[in-house]
file upload-v6.cif (mmCIF, N, CA and C atoms and all ligand atoms)
data_run
loop_
_atom_site.label_atom_id
_atom_site.label_comp_id
_atom_site.auth_asym_id
_atom_site.auth_seq_id
_atom_site.Cartn_x
_atom_site.Cartn_y
_atom_site.Cartn_z
N MET A 1 -28.40 -1.00 -3.46
CA MET A 1 -28.80 -0.97 -4.88
C MET A 1 -28.15 -2.14 -5.62
N ASP A 2 -28.92 -2.75 -6.51
CA ASP A 2 -28.38 -3.84 -7.32
C ASP A 2 -27.50 -3.23 -8.42
N ARG A 3 -26.23 -3.47 -8.40
CA ARG A 3 -25.31 -2.86 -9.36
C ARG A 3 -25.59 -3.29 -10.79
N LYS A 4 -26.17 -4.48 -10.97
CA LYS A 4 -26.45 -4.95 -12.32
C LYS A 4 -27.50 -4.09 -13.00
N MET A 5 -28.31 -3.40 -12.19
CA MET A 5 -29.39 -2.59 -12.75
C MET A 5 -28.92 -1.19 -13.12
N THR A 6 -27.70 -0.81 -12.76
CA THR A 6 -27.24 0.54 -13.04
C THR A 6 -26.45 0.60 -14.34
N LYS A 7 -26.35 1.79 -14.90
CA LYS A 7 -25.60 1.96 -16.14
C LYS A 7 -24.10 2.02 -15.80
N PRO A 8 -23.23 1.70 -16.79
CA PRO A 8 -21.79 1.72 -16.53
C PRO A 8 -21.30 3.03 -15.94
N MET A 9 -21.76 4.16 -16.44
CA MET A 9 -21.27 5.45 -15.94
C MET A 9 -21.66 5.66 -14.49
N GLU A 10 -22.82 5.14 -14.11
CA GLU A 10 -23.25 5.26 -12.71
C GLU A 10 -22.35 4.41 -11.83
N ASN A 11 -21.97 3.23 -12.34
CA ASN A 11 -21.05 2.39 -11.57
C ASN A 11 -19.72 3.10 -11.37
N LEU A 12 -19.24 3.77 -12.41
CA LEU A 12 -17.96 4.48 -12.33
C LEU A 12 -18.05 5.59 -11.30
N LYS A 13 -19.15 6.34 -11.31
CA LYS A 13 -19.32 7.42 -10.35
C LYS A 13 -19.33 6.86 -8.92
N GLU A 14 -20.04 5.74 -8.74
CA GLU A 14 -20.08 5.11 -7.42
C GLU A 14 -18.69 4.74 -6.96
N ALA A 15 -17.90 4.17 -7.88
CA ALA A 15 -16.55 3.74 -7.53
C ALA A 15 -15.71 4.94 -7.09
N LYS A 16 -15.85 6.06 -7.78
CA LYS A 16 -15.08 7.25 -7.44
C LYS A 16 -15.53 7.83 -6.10
N ASP A 17 -16.83 7.71 -5.83
CA ASP A 17 -17.37 8.27 -4.59
C ASP A 17 -16.99 7.43 -3.37
N GLU A 18 -16.68 6.14 -3.60
CA GLU A 18 -16.32 5.30 -2.46
C GLU A 18 -15.00 5.78 -1.87
N LYS A 19 -14.92 5.74 -0.54
CA LYS A 19 -13.73 6.24 0.13
C LYS A 19 -12.52 5.36 -0.20
N ILE A 20 -11.43 6.01 -0.62
CA ILE A 20 -10.22 5.28 -0.94
C ILE A 20 -9.53 4.88 0.35
N LYS A 21 -9.09 3.63 0.41
CA LYS A 21 -8.37 3.15 1.60
C LYS A 21 -6.95 3.69 1.55
N GLU A 22 -6.51 4.24 2.66
CA GLU A 22 -5.16 4.83 2.66
C GLU A 22 -4.07 3.75 2.70
N CYS A 23 -2.92 4.12 2.16
CA CYS A 23 -1.75 3.25 2.24
C CYS A 23 -1.14 3.41 3.62
N VAL A 24 -0.95 2.30 4.31
CA VAL A 24 -0.33 2.35 5.65
C VAL A 24 1.08 1.75 5.61
N ARG A 25 1.60 1.58 4.42
CA ARG A 25 2.97 1.08 4.20
C ARG A 25 3.20 -0.32 4.77
N CYS A 26 2.22 -1.18 4.57
CA CYS A 26 2.38 -2.55 5.09
C CYS A 26 3.33 -3.36 4.22
N GLY A 27 3.58 -2.93 3.00
CA GLY A 27 4.54 -3.61 2.12
C GLY A 27 3.97 -4.80 1.36
N PHE A 28 2.72 -5.13 1.61
CA PHE A 28 2.13 -6.33 1.01
C PHE A 28 2.24 -6.32 -0.52
N CYS A 29 1.84 -5.21 -1.15
CA CYS A 29 1.81 -5.17 -2.62
C CYS A 29 3.22 -5.35 -3.21
N CYS A 30 4.22 -4.72 -2.62
CA CYS A 30 5.58 -4.81 -3.13
C CYS A 30 6.21 -6.17 -2.85
N LYS A 31 5.64 -6.91 -1.88
CA LYS A 31 6.14 -8.26 -1.60
C LYS A 31 5.61 -9.27 -2.62
N GLN A 32 4.44 -8.95 -3.21
CA GLN A 32 3.85 -9.88 -4.17
C GLN A 32 4.53 -9.78 -5.53
N ALA A 33 4.76 -8.57 -5.98
CA ALA A 33 5.37 -8.33 -7.30
C ALA A 33 5.78 -6.87 -7.38
N PRO A 34 6.82 -6.56 -8.13
CA PRO A 34 7.24 -5.17 -8.24
C PRO A 34 6.30 -4.35 -9.11
N CYS A 35 6.24 -3.05 -8.85
CA CYS A 35 5.50 -2.14 -9.73
C CYS A 35 6.35 -1.92 -10.99
N SER A 36 5.91 -1.02 -11.83
CA SER A 36 6.61 -0.81 -13.10
C SER A 36 7.99 -0.18 -12.92
N TYR A 37 8.29 0.34 -11.73
CA TYR A 37 9.60 0.94 -11.46
C TYR A 37 10.53 -0.04 -10.73
N GLY A 38 9.96 -1.12 -10.24
CA GLY A 38 10.74 -2.04 -9.42
C GLY A 38 11.36 -3.18 -10.21
N GLU A 39 11.99 -4.09 -9.47
CA GLU A 39 12.60 -5.28 -10.07
C GLU A 39 12.41 -6.47 -9.13
N VAL A 40 12.14 -7.62 -9.74
CA VAL A 40 11.97 -8.84 -8.95
C VAL A 40 13.28 -9.18 -8.26
N CYS A 41 13.18 -9.54 -7.00
CA CYS A 41 14.38 -9.92 -6.26
C CYS A 41 14.92 -11.26 -6.76
N GLY A 42 14.01 -12.23 -6.92
CA GLY A 42 14.41 -13.50 -7.52
C GLY A 42 14.78 -14.59 -6.52
N TYR A 43 14.76 -14.27 -5.25
CA TYR A 43 15.01 -15.32 -4.26
C TYR A 43 14.30 -14.95 -2.96
N THR A 44 14.04 -15.98 -2.16
CA THR A 44 13.44 -15.75 -0.84
C THR A 44 14.57 -15.51 0.13
N ASP A 45 14.62 -14.33 0.68
CA ASP A 45 15.74 -14.00 1.56
C ASP A 45 15.42 -14.35 3.01
N HIS A 46 16.29 -13.96 3.89
CA HIS A 46 16.15 -14.31 5.31
C HIS A 46 14.90 -13.72 5.94
N LYS A 47 14.32 -12.70 5.28
CA LYS A 47 13.11 -12.08 5.87
C LYS A 47 11.87 -12.91 5.59
N GLY A 48 12.00 -13.91 4.69
CA GLY A 48 10.87 -14.77 4.40
C GLY A 48 9.89 -14.17 3.42
N TRP A 49 10.28 -13.10 2.73
CA TRP A 49 9.39 -12.51 1.74
C TRP A 49 9.32 -13.40 0.51
N PRO A 50 8.21 -13.38 -0.23
CA PRO A 50 8.08 -14.23 -1.43
C PRO A 50 9.19 -13.94 -2.45
N GLU A 51 9.47 -14.94 -3.26
CA GLU A 51 10.53 -14.84 -4.27
C GLU A 51 10.34 -13.66 -5.21
N GLY A 52 9.08 -13.33 -5.47
CA GLY A 52 8.79 -12.27 -6.44
C GLY A 52 8.82 -10.87 -5.86
N HIS A 53 9.23 -10.73 -4.62
CA HIS A 53 9.18 -9.38 -4.01
C HIS A 53 10.16 -8.43 -4.69
N CYS A 54 9.84 -7.15 -4.58
CA CYS A 54 10.69 -6.13 -5.21
C CYS A 54 11.97 -5.95 -4.41
N LYS A 55 13.07 -5.87 -5.10
CA LYS A 55 14.35 -5.77 -4.39
C LYS A 55 14.58 -4.38 -3.78
N PHE A 56 13.73 -3.42 -4.09
CA PHE A 56 13.89 -2.07 -3.52
C PHE A 56 13.06 -1.86 -2.25
N LEU A 57 12.29 -2.87 -1.86
CA LEU A 57 11.48 -2.76 -0.65
C LEU A 57 12.38 -2.82 0.58
N GLN A 58 12.16 -1.89 1.50
CA GLN A 58 12.99 -1.83 2.71
C GLN A 58 12.11 -1.81 3.95
N SER A 59 12.52 -2.59 4.94
CA SER A 59 11.79 -2.62 6.21
C SER A 59 12.02 -1.32 6.97
N ASN A 60 11.00 -0.89 7.69
CA ASN A 60 11.06 0.39 8.38
C ASN A 60 10.30 0.27 9.71
N TYR A 61 10.91 0.55 10.82
CA TYR A 61 10.28 0.44 12.15
C TYR A 61 9.85 -0.99 12.49
N GLY A 62 10.22 -1.97 11.71
CA GLY A 62 9.88 -3.35 12.03
C GLY A 62 8.52 -3.82 11.55
N TYR A 63 7.60 -2.92 11.30
CA TYR A 63 6.28 -3.36 10.84
C TYR A 63 5.77 -2.58 9.63
N THR A 64 6.45 -1.52 9.26
CA THR A 64 6.09 -0.81 8.03
C THR A 64 7.28 -0.86 7.06
N TYR A 65 7.05 -0.42 5.83
CA TYR A 65 8.06 -0.54 4.78
C TYR A 65 8.17 0.75 3.98
N ILE A 66 9.31 0.94 3.39
CA ILE A 66 9.50 2.09 2.51
C ILE A 66 10.07 1.63 1.17
N CYS A 67 9.89 2.48 0.17
CA CYS A 67 10.40 2.18 -1.18
C CYS A 67 11.78 2.82 -1.32
N GLY A 68 12.77 2.01 -1.70
CA GLY A 68 14.12 2.51 -1.88
C GLY A 68 14.26 3.42 -3.09
N LYS A 69 13.24 3.46 -3.95
CA LYS A 69 13.29 4.32 -5.14
C LYS A 69 12.30 5.48 -5.02
N TYR A 70 11.85 5.78 -3.80
CA TYR A 70 10.80 6.78 -3.61
C TYR A 70 11.14 8.12 -4.30
N ASP A 71 12.32 8.67 -3.98
CA ASP A 71 12.69 9.99 -4.52
C ASP A 71 12.77 9.95 -6.05
N GLU A 72 13.33 8.85 -6.58
CA GLU A 72 13.46 8.72 -8.04
C GLU A 72 12.09 8.66 -8.71
N ILE A 73 11.19 7.88 -8.13
CA ILE A 73 9.85 7.74 -8.71
C ILE A 73 9.08 9.06 -8.61
N LYS A 74 9.21 9.75 -7.48
CA LYS A 74 8.55 11.05 -7.31
C LYS A 74 9.03 12.03 -8.38
N HIS A 75 10.33 11.98 -8.66
CA HIS A 75 10.91 12.88 -9.67
C HIS A 75 10.37 12.54 -11.07
N ILE A 76 10.33 11.26 -11.40
CA ILE A 76 9.84 10.82 -12.71
C ILE A 76 8.37 11.21 -12.89
N GLU A 77 7.59 11.05 -11.82
CA GLU A 77 6.15 11.27 -11.91
C GLU A 77 5.74 12.71 -11.60
N ASN A 78 6.69 13.59 -11.48
CA ASN A 78 6.39 14.98 -11.13
C ASN A 78 5.35 15.57 -12.10
N GLY A 79 4.23 15.98 -11.57
CA GLY A 79 3.18 16.58 -12.40
C GLY A 79 2.19 15.59 -12.96
N SER A 80 2.41 14.29 -12.73
CA SER A 80 1.50 13.28 -13.27
C SER A 80 0.13 13.38 -12.59
N PRO A 81 -0.96 13.28 -13.36
CA PRO A 81 -2.29 13.31 -12.74
C PRO A 81 -2.59 12.00 -12.01
N TYR A 82 -1.80 10.96 -12.29
CA TYR A 82 -2.02 9.66 -11.64
C TYR A 82 -0.76 9.17 -10.95
N PRO A 83 -0.32 9.86 -9.93
CA PRO A 83 0.92 9.44 -9.26
C PRO A 83 0.75 8.12 -8.52
N MET A 84 1.81 7.34 -8.48
CA MET A 84 1.73 6.06 -7.80
C MET A 84 1.63 6.23 -6.29
N PHE A 85 2.44 7.14 -5.75
CA PHE A 85 2.39 7.37 -4.31
C PHE A 85 1.29 8.39 -4.00
N GLY A 86 0.56 8.13 -2.95
CA GLY A 86 -0.48 9.07 -2.53
C GLY A 86 -1.83 8.79 -3.14
N SER A 87 -1.97 7.65 -3.82
CA SER A 87 -3.25 7.32 -4.46
C SER A 87 -4.06 6.30 -3.66
N GLY A 88 -3.61 5.98 -2.48
CA GLY A 88 -4.34 5.01 -1.66
C GLY A 88 -3.82 3.60 -1.84
N CYS A 89 -4.47 2.67 -1.15
CA CYS A 89 -4.03 1.28 -1.15
C CYS A 89 -4.51 0.55 -2.40
N SER A 90 -3.57 -0.18 -3.02
CA SER A 90 -3.90 -0.95 -4.22
C SER A 90 -4.42 -2.34 -3.88
N SER A 91 -4.23 -2.78 -2.64
CA SER A 91 -4.59 -4.15 -2.27
C SER A 91 -5.23 -4.19 -0.87
N PRO A 92 -6.37 -3.53 -0.70
CA PRO A 92 -6.94 -3.47 0.66
C PRO A 92 -7.69 -4.74 1.09
N LEU A 93 -8.05 -5.60 0.13
CA LEU A 93 -8.88 -6.75 0.49
C LEU A 93 -8.05 -7.97 0.87
N PHE A 94 -8.50 -8.69 1.89
CA PHE A 94 -7.85 -9.93 2.36
C PHE A 94 -6.35 -9.72 2.55
N ASN A 95 -6.00 -8.57 3.09
CA ASN A 95 -4.60 -8.21 3.27
C ASN A 95 -4.27 -8.22 4.76
N LYS A 96 -3.74 -9.32 5.24
CA LYS A 96 -3.43 -9.48 6.67
C LYS A 96 -2.32 -8.52 7.10
N ASP A 97 -1.37 -8.24 6.22
CA ASP A 97 -0.28 -7.34 6.57
C ASP A 97 -0.82 -5.94 6.85
N ARG A 98 -1.76 -5.49 6.01
CA ARG A 98 -2.36 -4.17 6.21
C ARG A 98 -3.17 -4.13 7.50
N GLU A 99 -3.92 -5.20 7.73
CA GLU A 99 -4.73 -5.28 8.96
C GLU A 99 -3.82 -5.22 10.18
N ASN A 100 -2.67 -5.89 10.10
CA ASN A 100 -1.73 -5.90 11.23
C ASN A 100 -1.20 -4.49 11.51
N VAL A 101 -0.84 -3.76 10.45
CA VAL A 101 -0.35 -2.40 10.64
C VAL A 101 -1.46 -1.51 11.21
N MET A 102 -2.68 -1.68 10.72
CA MET A 102 -3.82 -0.89 11.23
C MET A 102 -4.01 -1.15 12.72
N ARG A 103 -3.85 -2.43 13.12
CA ARG A 103 -4.02 -2.79 14.52
C ARG A 103 -2.94 -2.13 15.37
N ILE A 104 -1.69 -2.17 14.90
CA ILE A 104 -0.59 -1.57 15.66
C ILE A 104 -0.79 -0.06 15.78
N ILE A 105 -1.22 0.59 14.68
CA ILE A 105 -1.47 2.04 14.72
C ILE A 105 -2.56 2.37 15.74
N ALA A 106 -3.63 1.56 15.74
CA ALA A 106 -4.75 1.79 16.68
C ALA A 106 -4.29 1.60 18.12
N GLU A 107 -3.46 0.57 18.35
CA GLU A 107 -2.96 0.32 19.71
C GLU A 107 -2.05 1.46 20.17
N LYS A 108 -1.22 1.96 19.29
CA LYS A 108 -0.33 3.07 19.65
C LYS A 108 -1.14 4.32 19.96
N ALA A 109 -2.19 4.58 19.17
CA ALA A 109 -3.04 5.75 19.40
C ALA A 109 -3.77 5.64 20.73
N ALA A 110 -4.25 4.42 21.03
CA ALA A 110 -4.96 4.21 22.30
C ALA A 110 -4.03 4.43 23.47
N LYS A 111 -2.77 3.97 23.33
CA LYS A 111 -1.80 4.12 24.40
C LYS A 111 -1.50 5.61 24.62
N ARG A 112 -1.40 6.36 23.50
CA ARG A 112 -1.13 7.82 23.62
C ARG A 112 -2.27 8.52 24.35
N CYS A 113 -3.52 8.10 24.03
CA CYS A 113 -4.69 8.69 24.68
C CYS A 113 -4.64 8.45 26.18
N LEU A 114 -4.26 7.23 26.57
CA LEU A 114 -4.23 6.88 27.98
C LEU A 114 -3.15 7.67 28.73
N THR A 115 -1.96 7.80 28.09
CA THR A 115 -0.86 8.50 28.78
C THR A 115 -1.09 10.02 28.81
N ASN A 116 -1.84 10.54 27.81
CA ASN A 116 -2.12 11.99 27.79
C ASN A 116 -3.35 12.35 28.64
N GLY A 117 -4.00 11.32 29.16
CA GLY A 117 -5.20 11.57 29.99
C GLY A 117 -6.35 11.80 29.10
S1 LIG A 201 9.49 -1.01 -3.42
FE1 LIG A 201 9.18 0.79 -4.71
S2 LIG A 201 9.90 0.19 -6.73
FE2 LIG A 201 9.54 -1.67 -5.56
S3 LIG A 201 7.46 -2.30 -6.03
FE3 LIG A 201 7.38 -1.08 -4.19
S4 LIG A 201 6.96 1.01 -4.91
FE4 LIG A 201 7.69 -0.16 -6.68
S1 LIG A 202 -0.76 -3.14 0.22
FE1 LIG A 202 -1.78 -1.15 0.36
S2 LIG A 202 -1.26 -0.39 2.42
FE2 LIG A 202 0.17 -2.02 1.93
S3 LIG A 202 1.95 -0.95 1.05
FE3 LIG A 202 0.64 -1.62 -0.66
S4 LIG A 202 -0.65 0.17 -1.09
FE4 LIG A 202 0.22 0.47 0.95
#
call {"tool": "encode", "arguments": {"input": "upload-v6.cif", "output": "structure tokens", "more": "lines below"}}
Ligand code: SF4
Ligand code: SF4
result
Amino acid sequence: MDRKMTKPMENLKEAKDEKIKECVRCGFCCKQAPCSYGEVCGYTDHKGWPEGHCKFLQSNYGYTYICGKYDEIKHIENGSPYPMFGSGCSSPLFNKDRENVMRIIAEKAAKRCLTNG
């Protein structure tokens, strides 16, 4: 369907109906800039992350990342209809880091299938 021919409300409904891409903790978004709870690191460290990366981002298992303020943010957002965590990926397009994590997850799943018969 040509989206230009639809009304704004129909476009909104379509957007909501589209499947949300899950967050696979690739860390890409937090490496680009901090969210409203984070803080800019201000320098490129030994990990080679961009200067603007959030200083609370932590490496996890070598290929995924966790937020050092997770518990604090969950507490602040308790009951929020729009929680930051659990809402899917904010940057699914042209995201090589996310693609890399997806590939590793798929490879691990395939290996489990093979070993389990
Ligand atoms: S690491 Fe946590 S605080 Fe920092 S940008 Fe990511 S989600 Fe926000
Ligand atoms: S870029 Fe998407 S998949 Fe990666 S950490 Fe951010 S929200 Fe999660």
call {"tool": "axis_aligned_box", "arguments": {"input": "upload-v6.cif", "around": "region 78-91 of chain A", "padding_each_side": "8 Å", "output": "lines of an AutoDock Vina configuration file"}}
result
center_x = 0.7
center_y = 6.2
center_z = -7.1
size_x = 27.9
size_y = 36.8
size_z = 28.5
call {"tool": "closest_residue", "arguments": {"input": "upload-v6.cif", "among": "A:Trp49, A:Tyr61, A:Phe85, A:Phe94", "to": "ligand LIG 201 (chain A)", "atoms": "all atoms listed in the file"}}
result
A:Phe85
call {"tool": "select_by_dssp", "arguments": {"input": "upload-v6.cif", "residues": "region 43-94 of chain A", "states": "strand (DSSP E)", "output": "PyMOL selection string"}}
result
chain A and resi 57-60+64-67
call {"tool": "residues_near_ligand", "arguments": {"input": "upload-v6.cif", "ligand": "ligand LIG 202 (chain A)", "cutoff": "6.5 Å", "atoms": "all atoms listed in the file", "output": "ChimeraX atom specification"}}
result
/A:22-30,88-92,97-98
call {"tool": "residues_near_ligand", "arguments": {"input": "upload-v6.cif", "ligand": "ligand LIG 201 (chain A)", "cutoff": "6.5 Å", "atoms": "all atoms listed in the file", "output": "list of chain:residue names"}}
result
A:Cys29, A:Cys30, A:Lys31, A:Ala33, A:Pro34, A:Cys35, A:Ser36, A:Tyr37, A:Gly38, A:Glu39, A:Cys54, A:Lys55, A:Phe56, A:Leu57, A:Gln58, A:Ile66, A:Cys67, A:Gly68, A:Lys69, A:Tyr70
call {"tool": "write_last_selection", "arguments": {"input": "upload-v6.cif", "atoms": "N, CA and C atoms", "output": "CSV table (one decimal), keeping the file's coordinate frame"}}
result
chain,number,residue,atom,x,y,z
A,29,CYS,N,1.8,-5.2,-1.2
A,29,CYS,CA,1.8,-5.2,-2.6
A,29,CYS,C,3.2,-5.4,-3.2
A,30,CYS,N,4.2,-4.7,-2.6
A,30,CYS,CA,5.6,-4.8,-3.1
A,30,CYS,C,6.2,-6.2,-2.8
A,31,LYS,N,5.6,-6.9,-1.9
A,31,LYS,CA,6.1,-8.3,-1.6
A,31,LYS,C,5.6,-9.3,-2.6
A,33,ALA,N,4.8,-8.6,-6.0
A,33,ALA,CA,5.4,-8.3,-7.3
A,33,ALA,C,5.8,-6.9,-7.4
A,34,PRO,N,6.8,-6.6,-8.1
A,34,PRO,CA,7.2,-5.2,-8.2
A,34,PRO,C,6.3,-4.4,-9.1
A,35,CYS,N,6.2,-3.0,-8.8
A,35,CYS,CA,5.5,-2.1,-9.7
A,35,CYS,C,6.4,-1.9,-11.0
A,36,SER,N,5.9,-1.0,-11.8
A,36,SER,CA,6.6,-0.8,-13.1
A,36,SER,C,8.0,-0.2,-12.9
A,37,TYR,N,8.3,0.3,-11.7
A,37,TYR,CA,9.6,0.9,-11.5
A,37,TYR,C,10.5,0.0,-10.7
A,38,GLY,N,10.0,-1.1,-10.2
A,38,GLY,CA,10.7,-2.0,-9.4
A,38,GLY,C,11.4,-3.2,-10.2
A,39,GLU,N,12.0,-4.1,-9.5
A,39,GLU,CA,12.6,-5.3,-10.1
A,39,GLU,C,12.4,-6.5,-9.1
A,54,CYS,N,9.8,-7.2,-4.6
A,54,CYS,CA,10.7,-6.1,-5.2
A,54,CYS,C,12.0,-6.0,-4.4
A,55,LYS,N,13.1,-5.9,-5.1
A,55,LYS,CA,14.4,-5.8,-4.4
A,55,LYS,C,14.6,-4.4,-3.8
A,56,PHE,N,13.7,-3.4,-4.1
A,56,PHE,CA,13.9,-2.1,-3.5
A,56,PHE,C,13.1,-1.9,-2.2
A,57,LEU,N,12.3,-2.9,-1.9
A,57,LEU,CA,11.5,-2.8,-0.6
A,57,LEU,C,12.4,-2.8,0.6
A,58,GLN,N,12.2,-1.9,1.5
A,58,GLN,CA,13.0,-1.8,2.7
A,58,GLN,C,12.1,-1.8,4.0
A,66,ILE,N,9.3,0.9,3.4
A,66,ILE,CA,9.5,2.1,2.5
A,66,ILE,C,10.1,1.6,1.2
A,67,CYS,N,9.9,2.5,0.2
A,67,CYS,CA,10.4,2.2,-1.2
A,67,CYS,C,11.8,2.8,-1.3
A,68,GLY,N,12.8,2.0,-1.7
A,68,GLY,CA,14.1,2.5,-1.9
A,68,GLY,C,14.3,3.4,-3.1
A,69,LYS,N,13.2,3.5,-4.0
A,69,LYS,CA,13.3,4.3,-5.1
A,69,LYS,C,12.3,5.5,-5.0
A,70,TYR,N,11.8,5.8,-3.8
A,70,TYR,CA,10.8,6.8,-3.6
A,70,TYR,C,11.1,8.1,-4.3
call {"tool": "closest_residue", "arguments": {"input": "upload-v6.cif", "among": "A:Ser87, A:Asn95, A:Asn100, A:Thr115", "to": "Ile20 (chain A)", "atoms": "all atoms listed in the file"}}
result
A:Ser87
call {"tool": "atom_distance", "arguments": {"input": "upload-v6.cif", "atom1": "CA of Lys108 (chain A)", "atom2": "CA of Lys21 (chain A)"}}
result
19.8 Å
call {"tool": "atom_distance", "arguments": {"input": "upload-v6.cif", "atom1": "CA of Val101 (chain A)", "atom2": "CA of Asn60 (chain A)"}}
result
12.0 Å
call {"tool": "atom_distance", "arguments": {"input": "upload-v6.cif", "atom1": "CA of Ser59 (chain A)", "atom2": "CA of Ile76 (chain A)"}}
result
23.3 Å
call {"tool": "residues_around", "arguments": {"input": "upload-v6.cif", "residues": "Tyr43 (chain A)", "least_positions_apart": "6", "cutoff": "9 Å", "atoms": "only C-alpha atoms", "output": "short mmCIF file (atom, residue, chain, number, x, y, z; two decimals) with N, CA and C atoms, in the coordinates of the input"}}
result
data_model
loop_
_atom_site.label_atom_id
_atom_site.label_comp_id
_atom_site.auth_asym_id
_atom_site.auth_seq_id
_atom_site.Cartn_x
_atom_site.Cartn_y
_atom_site.Cartn_z
N TRP A 49 10.28 -13.10 2.73
CA TRP A 49 9.39 -12.51 1.74
C TRP A 49 9.32 -13.40 0.51
N PRO A 50 8.21 -13.38 -0.23
CA PRO A 50 8.08 -14.23 -1.43
C PRO A 50 9.19 -13.94 -2.45
N GLU A 51 9.47 -14.94 -3.26
CA GLU A 51 10.53 -14.84 -4.27
C GLU A 51 10.34 -13.66 -5.21
N GLY A 52 9.08 -13.33 -5.47
CA GLY A 52 8.79 -12.27 -6.44
C GLY A 52 8.82 -10.87 -5.86
N HIS A 53 9.23 -10.73 -4.62
CA HIS A 53 9.18 -9.38 -4.01
C HIS A 53 10.16 -8.43 -4.69
#
call {"tool": "decode", "arguments": {"input": "upload-v6.cif", "residues": "region 40-83 of chain A", "atoms": "C-alpha atoms", "output": "PDB file, in the first residue's frame"}}
result
ATOM      1  CA  VAL A  40      28.409  11.064  28.482  1.00  0.00           C
ATOM      2  CA  CYS A  41      31.724   9.403  29.188  1.00  0.00           C
ATOM      3  CA  GLY A  42      33.652  12.155  27.413  1.00  0.00           C
ATOM      4  CA  TYR A  43      36.595  10.158  26.145  1.00  0.00           C
ATOM      5  CA  THR A  44      37.352   7.184  23.928  1.00  0.00           C
ATOM      6  CA  ASP A  45      38.559   4.481  26.242  1.00  0.00           C
ATOM      7  CA  HIS A  46      40.570   1.340  25.588  1.00  0.00           C
ATOM      8  CA  LYS A  47      37.447  -0.459  24.360  1.00  0.00           C
ATOM      9  CA  GLY A  48      37.300   1.857  21.351  1.00  0.00           C
ATOM     10  CA  TRP A  49      33.760   3.035  22.058  1.00  0.00           C
ATOM     11  CA  PRO A  50      32.821   6.497  20.707  1.00  0.00           C
ATOM     12  CA  GLU A  51      33.549   9.523  22.890  1.00  0.00           C
ATOM     13  CA  GLY A  52      29.845  10.099  23.464  1.00  0.00           C
ATOM     14  CA  HIS A  53      29.127   6.676  24.915  1.00  0.00           C
ATOM     15  CA  CYS A  54      27.354   6.396  28.236  1.00  0.00           C
ATOM     16  CA  LYS A  55      29.669   5.855  31.161  1.00  0.00           C
ATOM     17  CA  PHE A  56      27.244   3.356  32.742  1.00  0.00           C
ATOM     18  CA  LEU A  57      27.441   0.897  29.831  1.00  0.00           C
ATOM     19  CA  GLN A  58      29.118  -2.356  30.844  1.00  0.00           C
ATOM     20  CA  SER A  59      30.379  -5.207  28.700  1.00  0.00           C
ATOM     21  CA  ASN A  60      28.794  -8.572  29.405  1.00  0.00           C
ATOM     22  CA  TYR A  61      29.851 -11.998  28.014  1.00  0.00           C
ATOM     23  CA  GLY A  62      32.122 -10.207  25.533  1.00  0.00           C
ATOM     24  CA  TYR A  63      29.452  -9.487  22.942  1.00  0.00           C
ATOM     25  CA  THR A  64      26.444  -8.180  24.864  1.00  0.00           C
ATOM     26  CA  TYR A  65      26.110  -5.245  27.263  1.00  0.00           C
ATOM     27  CA  ILE A  66      24.253  -4.298  30.399  1.00  0.00           C
ATOM     28  CA  CYS A  67      23.217  -0.993  31.947  1.00  0.00           C
ATOM     29  CA  GLY A  68      24.959  -0.168  35.221  1.00  0.00           C
ATOM     30  CA  LYS A  69      21.878   1.808  36.307  1.00  0.00           C
ATOM     31  CA  TYR A  70      19.334  -0.902  35.436  1.00  0.00           C
ATOM     32  CA  ASP A  71      17.931  -1.376  38.966  1.00  0.00           C
ATOM     33  CA  GLU A  72      17.803   2.387  39.595  1.00  0.00           C
ATOM     34  CA  ILE A  73      15.991   3.085  36.317  1.00  0.00           C
ATOM     35  CA  LYS A  74      13.535   0.212  36.908  1.00  0.00           C
ATOM     36  CA  HIS A  75      12.757   1.687  40.329  1.00  0.00           C
ATOM     37  CA  ILE A  76      12.238   5.218  38.944  1.00  0.00           C
ATOM     38  CA  GLU A  77      10.021   3.953  36.124  1.00  0.00           C
ATOM     39  CA  ASN A  78       7.982   1.594  38.281  1.00  0.00           C
ATOM     40  CA  GLY A  79       4.421   1.680  36.949  1.00  0.00           C
ATOM     41  CA  SER A  80       5.271   3.794  33.906  1.00  0.00           C
ATOM     42  CA  PRO A  81       3.173   2.954  30.822  1.00  0.00           C
ATOM     43  CA  TYR A  82       6.265   3.671  28.686  1.00  0.00           C
ATOM     44  CA  PRO A  83       9.187   1.947  30.383  1.00  0.00           C
TER      45      PRO A  83
END
